[in-house]
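*Asks:* Structure incoming, see below.
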Amino acid sequence: MKTIEIIGYRRANLGKNDSQKIRQEGNVPCVLYGGNEQVHFYAPVILFRDLIYTNEAHFVHLNIEGEECQAIMQEVQFHPVSEIILHVDFLRISEERKIKMDIPARLVGQAPGVAKGGALVRKRASLKVYAFAKDMPDHIDVDCSSLDFHHSVKVGDLKFSGLEFLDPKQASIAVVEVPRAAKLAEETAAATPAAGAAPAAAAPAADAKKGEAPKKDEKKK
């Protein structure tokens, strides 16, 4: 997995006003967990571009005023309206301890159902993985080359050495769905009688006529 370096600076104050000032100056308040102490620091927002706005996972090499360590981004908070990065949590990692990460899922292969007019629908953009840092991939390829209509790839179908998937095994990652227009056409065809077929009520009416009482003229004869 690729590594991105982020250079940070320790925070002297931890109040809301100080956090607001840090953001106004183009920085992001951060905290590092996983060691003997929590380290509160800030880093330039521009350094987070390749870490957050990407379709691949990354390790982070943190350099906080000369103190260096390997970490992963554990959580990022955005402003609900402006989407500005408000805060980032990091977790210190080591080669001896397994970690949990959300790894992006990449759909690969041509699904037969798509060739027939279906649509490949992504159900999960990422997968929660538990593994040693050395075994963590930057993305996971999900093979869709055997999917026909209404078929799906589930978490339980994935087999990767050294990786344990923590999402439910029955959870779908991708499925081939029939387009809505095709569904409506099938339903309409099923509900419409075949050409030339007599109405269902016609036969009982004819049988009833056979059992009618004879008319008066017929009795006189």
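Residue numbering restarts at 1 in every chain; chains get A, B, ... in the order shown in the structure tokens, and ligands count up from 1 in that same order.
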Which parts of stretch 9-192 of chain A does DSSP call alpha helix (DSSP H) when run on the backbone here, written out as a ChimeraX atom specification?
*Replies:* /A:16-24,49-52,112-115,180-191
*Asks:* Atom CA of A:Val45 and atom CA of A:Glu67, how far apart in Å?
*Replies:*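 Taking atom CA of A:Glu67 and atom CA of A:Val45, their separation equals 19.7 Å.
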*Asks:* Would you return as an MDAnalysis selection string the members of stretch 72-204 of chain A that DSSP assigns to strand (DSSP E) on this structure's backbone?
*Replies:* chainID A and resid 72:78 85:92 99:108 119:122 126:131 140:143 152:154 164:165 172:177
*Asks:* With only C-alpha atoms as the atoms that count, which of A:Glu37, A:Val114, A:Gly156, A:Gln70 lies nearest to A:Pro168?
*Replies:*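 Between A:Glu37, A:Val114, A:Gly156, A:Gln70, the residue approaching A:Pro168 most closely is A:Gly156.
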*Asks:* So which one's closest to A:Lys169, A:Glu68, A:Ser146, A:Lys128, A:Gly118? Using only C-alpha atoms, please.
*Replies:* A:Lys128
*Asks:* Give me the residues within 7 Å of A:Ile99 as a list of chain:residue names, counting only C-alpha atoms and dropping any in the same chain fewer than 2 places off.
*Replies:*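 Within the cut-off, the hits are A:Arg97, A:Met101, A:Tyr130, A:Ala131, A:Phe132, A:Ala133.
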*Asks:* Mind dumping the selected residues with N, CA and C atoms as a tab-separated table (two decimals), in the first residue's frame?
*Replies:*
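File produced: selection_8.tsv:
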```
chain	number	residue	atom	x	y	z
A	97	ARG	N	0.92	-5.83	14.91
A	97	ARG	CA	-0.47	-5.79	15.34
A	97	ARG	C	-1.41	-5.63	14.13
A	101	MET	N	-9.28	-1.57	8.52
A	101	MET	CA	-9.31	-0.47	7.56
A	101	MET	C	-10.48	-0.65	6.60
A	130	TYR	N	-9.65	-6.69	8.15
A	130	TYR	CA	-8.81	-6.87	9.33
A	130	TYR	C	-7.58	-7.67	8.92
A	131	ALA	N	-6.40	-7.08	9.08
A	131	ALA	CA	-5.19	-7.75	8.62
A	131	ALA	C	-3.96	-7.04	9.18
A	132	PHE	N	-2.80	-7.67	9.00
A	132	PHE	CA	-1.54	-7.00	9.32
A	132	PHE	C	-1.29	-5.91	8.28
A	133	ALA	N	-0.57	-4.88	8.70
A	133	ALA	CA	-0.32	-3.76	7.81
A	133	ALA	C	0.35	-4.20	6.51
```
*Asks:* If we count only C-alpha atoms, what is near stretch 177-179 of chain A at a cut-off of 10 Å, once residues fewer than 6 positions away on the same chain are taken out, given as a PDB file with N, CA and C atoms, in the first residue's frame?
*Replies:*
```
ATOM      1  N   GLY A 113     -24.709 -10.333 -17.811  1.00  0.00           N
ATOM      2  CA  GLY A 113     -25.990  -9.663 -17.680  1.00  0.00           C
ATOM      3  C   GLY A 113     -25.968  -8.243 -18.219  1.00  0.00           C
ATOM      4  N   VAL A 114     -24.820  -7.592 -18.125  1.00  0.00           N
ATOM      5  CA  VAL A 114     -24.680  -6.235 -18.672  1.00  0.00           C
ATOM      6  C   VAL A 114     -24.683  -6.276 -20.187  1.00  0.00           C
ATOM      7  N   LYS A 116     -26.319  -8.225 -21.942  1.00  0.00           N
ATOM      8  CA  LYS A 116     -27.705  -8.467 -22.370  1.00  0.00           C
ATOM      9  C   LYS A 116     -28.612  -7.273 -22.115  1.00  0.00           C
ATOM     10  N   GLY A 117     -28.057  -6.192 -21.605  1.00  0.00           N
ATOM     11  CA  GLY A 117     -28.858  -4.998 -21.370  1.00  0.00           C
ATOM     12  C   GLY A 117     -29.096  -4.658 -19.909  1.00  0.00           C
ATOM     13  N   GLY A 118     -28.543  -5.466 -19.007  1.00  0.00           N
ATOM     14  CA  GLY A 118     -28.712  -5.194 -17.583  1.00  0.00           C
ATOM     15  C   GLY A 118     -27.774  -4.092 -17.108  1.00  0.00           C
ATOM     16  N   ALA A 119     -27.916  -3.726 -15.841  1.00  0.00           N
ATOM     17  CA  ALA A 119     -27.085  -2.668 -15.255  1.00  0.00           C
ATOM     18  C   ALA A 119     -26.339  -3.229 -14.050  1.00  0.00           C
ATOM     19  N   LEU A 120     -25.036  -2.990 -14.002  1.00  0.00           N
ATOM     20  CA  LEU A 120     -24.218  -3.418 -12.865  1.00  0.00           C
ATOM     21  C   LEU A 120     -24.315  -2.343 -11.786  1.00  0.00           C
ATOM     22  N   VAL A 121     -24.893  -2.714 -10.654  1.00  0.00           N
ATOM     23  CA  VAL A 121     -25.139  -1.757  -9.568  1.00  0.00           C
ATOM     24  C   VAL A 121     -24.209  -2.055  -8.405  1.00  0.00           C
ATOM     25  N   LEU A 147     -21.564 -12.639 -13.550  1.00  0.00           N
ATOM     26  CA  LEU A 147     -22.877 -12.170 -13.106  1.00  0.00           C
ATOM     27  C   LEU A 147     -23.872 -12.048 -14.256  1.00  0.00           C
ATOM     28  N   ASP A 148     -24.987 -12.752 -14.116  1.00  0.00           N
ATOM     29  CA  ASP A 148     -26.100 -12.619 -15.057  1.00  0.00           C
ATOM     30  C   ASP A 148     -27.198 -11.815 -14.354  1.00  0.00           C
ATOM     31  N   PHE A 149     -28.383 -11.746 -14.960  1.00  0.00           N
ATOM     32  CA  PHE A 149     -29.477 -10.987 -14.359  1.00  0.00           C
ATOM     33  C   PHE A 149     -29.754 -11.458 -12.924  1.00  0.00           C
ATOM     34  N   HIS A 150     -29.886 -10.502 -12.022  1.00  0.00           N
ATOM     35  CA  HIS A 150     -30.250 -10.742 -10.616  1.00  0.00           C
ATOM     36  C   HIS A 150     -29.175 -11.515  -9.833  1.00  0.00           C
ATOM     37  N   HIS A 151     -28.017 -11.719 -10.422  1.00  0.00           N
ATOM     38  CA  HIS A 151     -26.924 -12.375  -9.710  1.00  0.00           C
ATOM     39  C   HIS A 151     -26.051 -11.319  -9.039  1.00  0.00           C
ATOM     40  N   SER A 152     -25.409 -11.686  -7.927  1.00  0.00           N
ATOM     41  CA  SER A 152     -24.602 -10.720  -7.190  1.00  0.00           C
ATOM     42  C   SER A 152     -23.328 -11.364  -6.653  1.00  0.00           C
TER      43      SER A 152
END
```
*Asks:* Return the single residue from A:Ala71, A:Leu91, A:Ile64, A:Met1 that is closest to A:Ile140, with distances computed using only C-alpha atoms.
*Replies:* A:Met1
*Asks:* Taking only C-alpha atoms into account, name the residue in A:Gln110, A:Tyr42, A:Ser126, A:Asp89 that is nearest to A:Lys21.
*Replies:*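 For A:Lys21, the nearest of the given residues is A:Tyr42.
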*Asks:* Could you tell me how far atom CA of A:Asn36 sits from atom CA of A:Lys98, in Å to one decimal place?
*Replies:*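 Interatomic distance, atom CA of A:Lys98 to atom CA of A:Asn36: 18.1 Å.
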*Asks:* Taking 2 positions as the minimum chain separation for residues in the same chain, which residues sit within 12 Å of A:Ala125 when counting only C-alpha atoms? Answer as a ChimeraX atom specification.
*Replies:* /A:55-56,102-107,121-123,127-128,139-142,172-174
*Asks:* Can you measure atom CA of A:Asn63 to atom CA of A:Asn17 for me? One decimal in Å is fine.
*Replies:*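 Going from atom CA of A:Asn63 over to atom CA of A:Asn17, I get 24.9 Å.
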*Asks:* Pick out the residues sitting within 7 Å of A:Ser145, and hand them over as an NGL selection string; count only C-alpha atoms, and ignore anything fewer than 4 positions along from it in its own chain.
*Replies:* :A and (109-112)
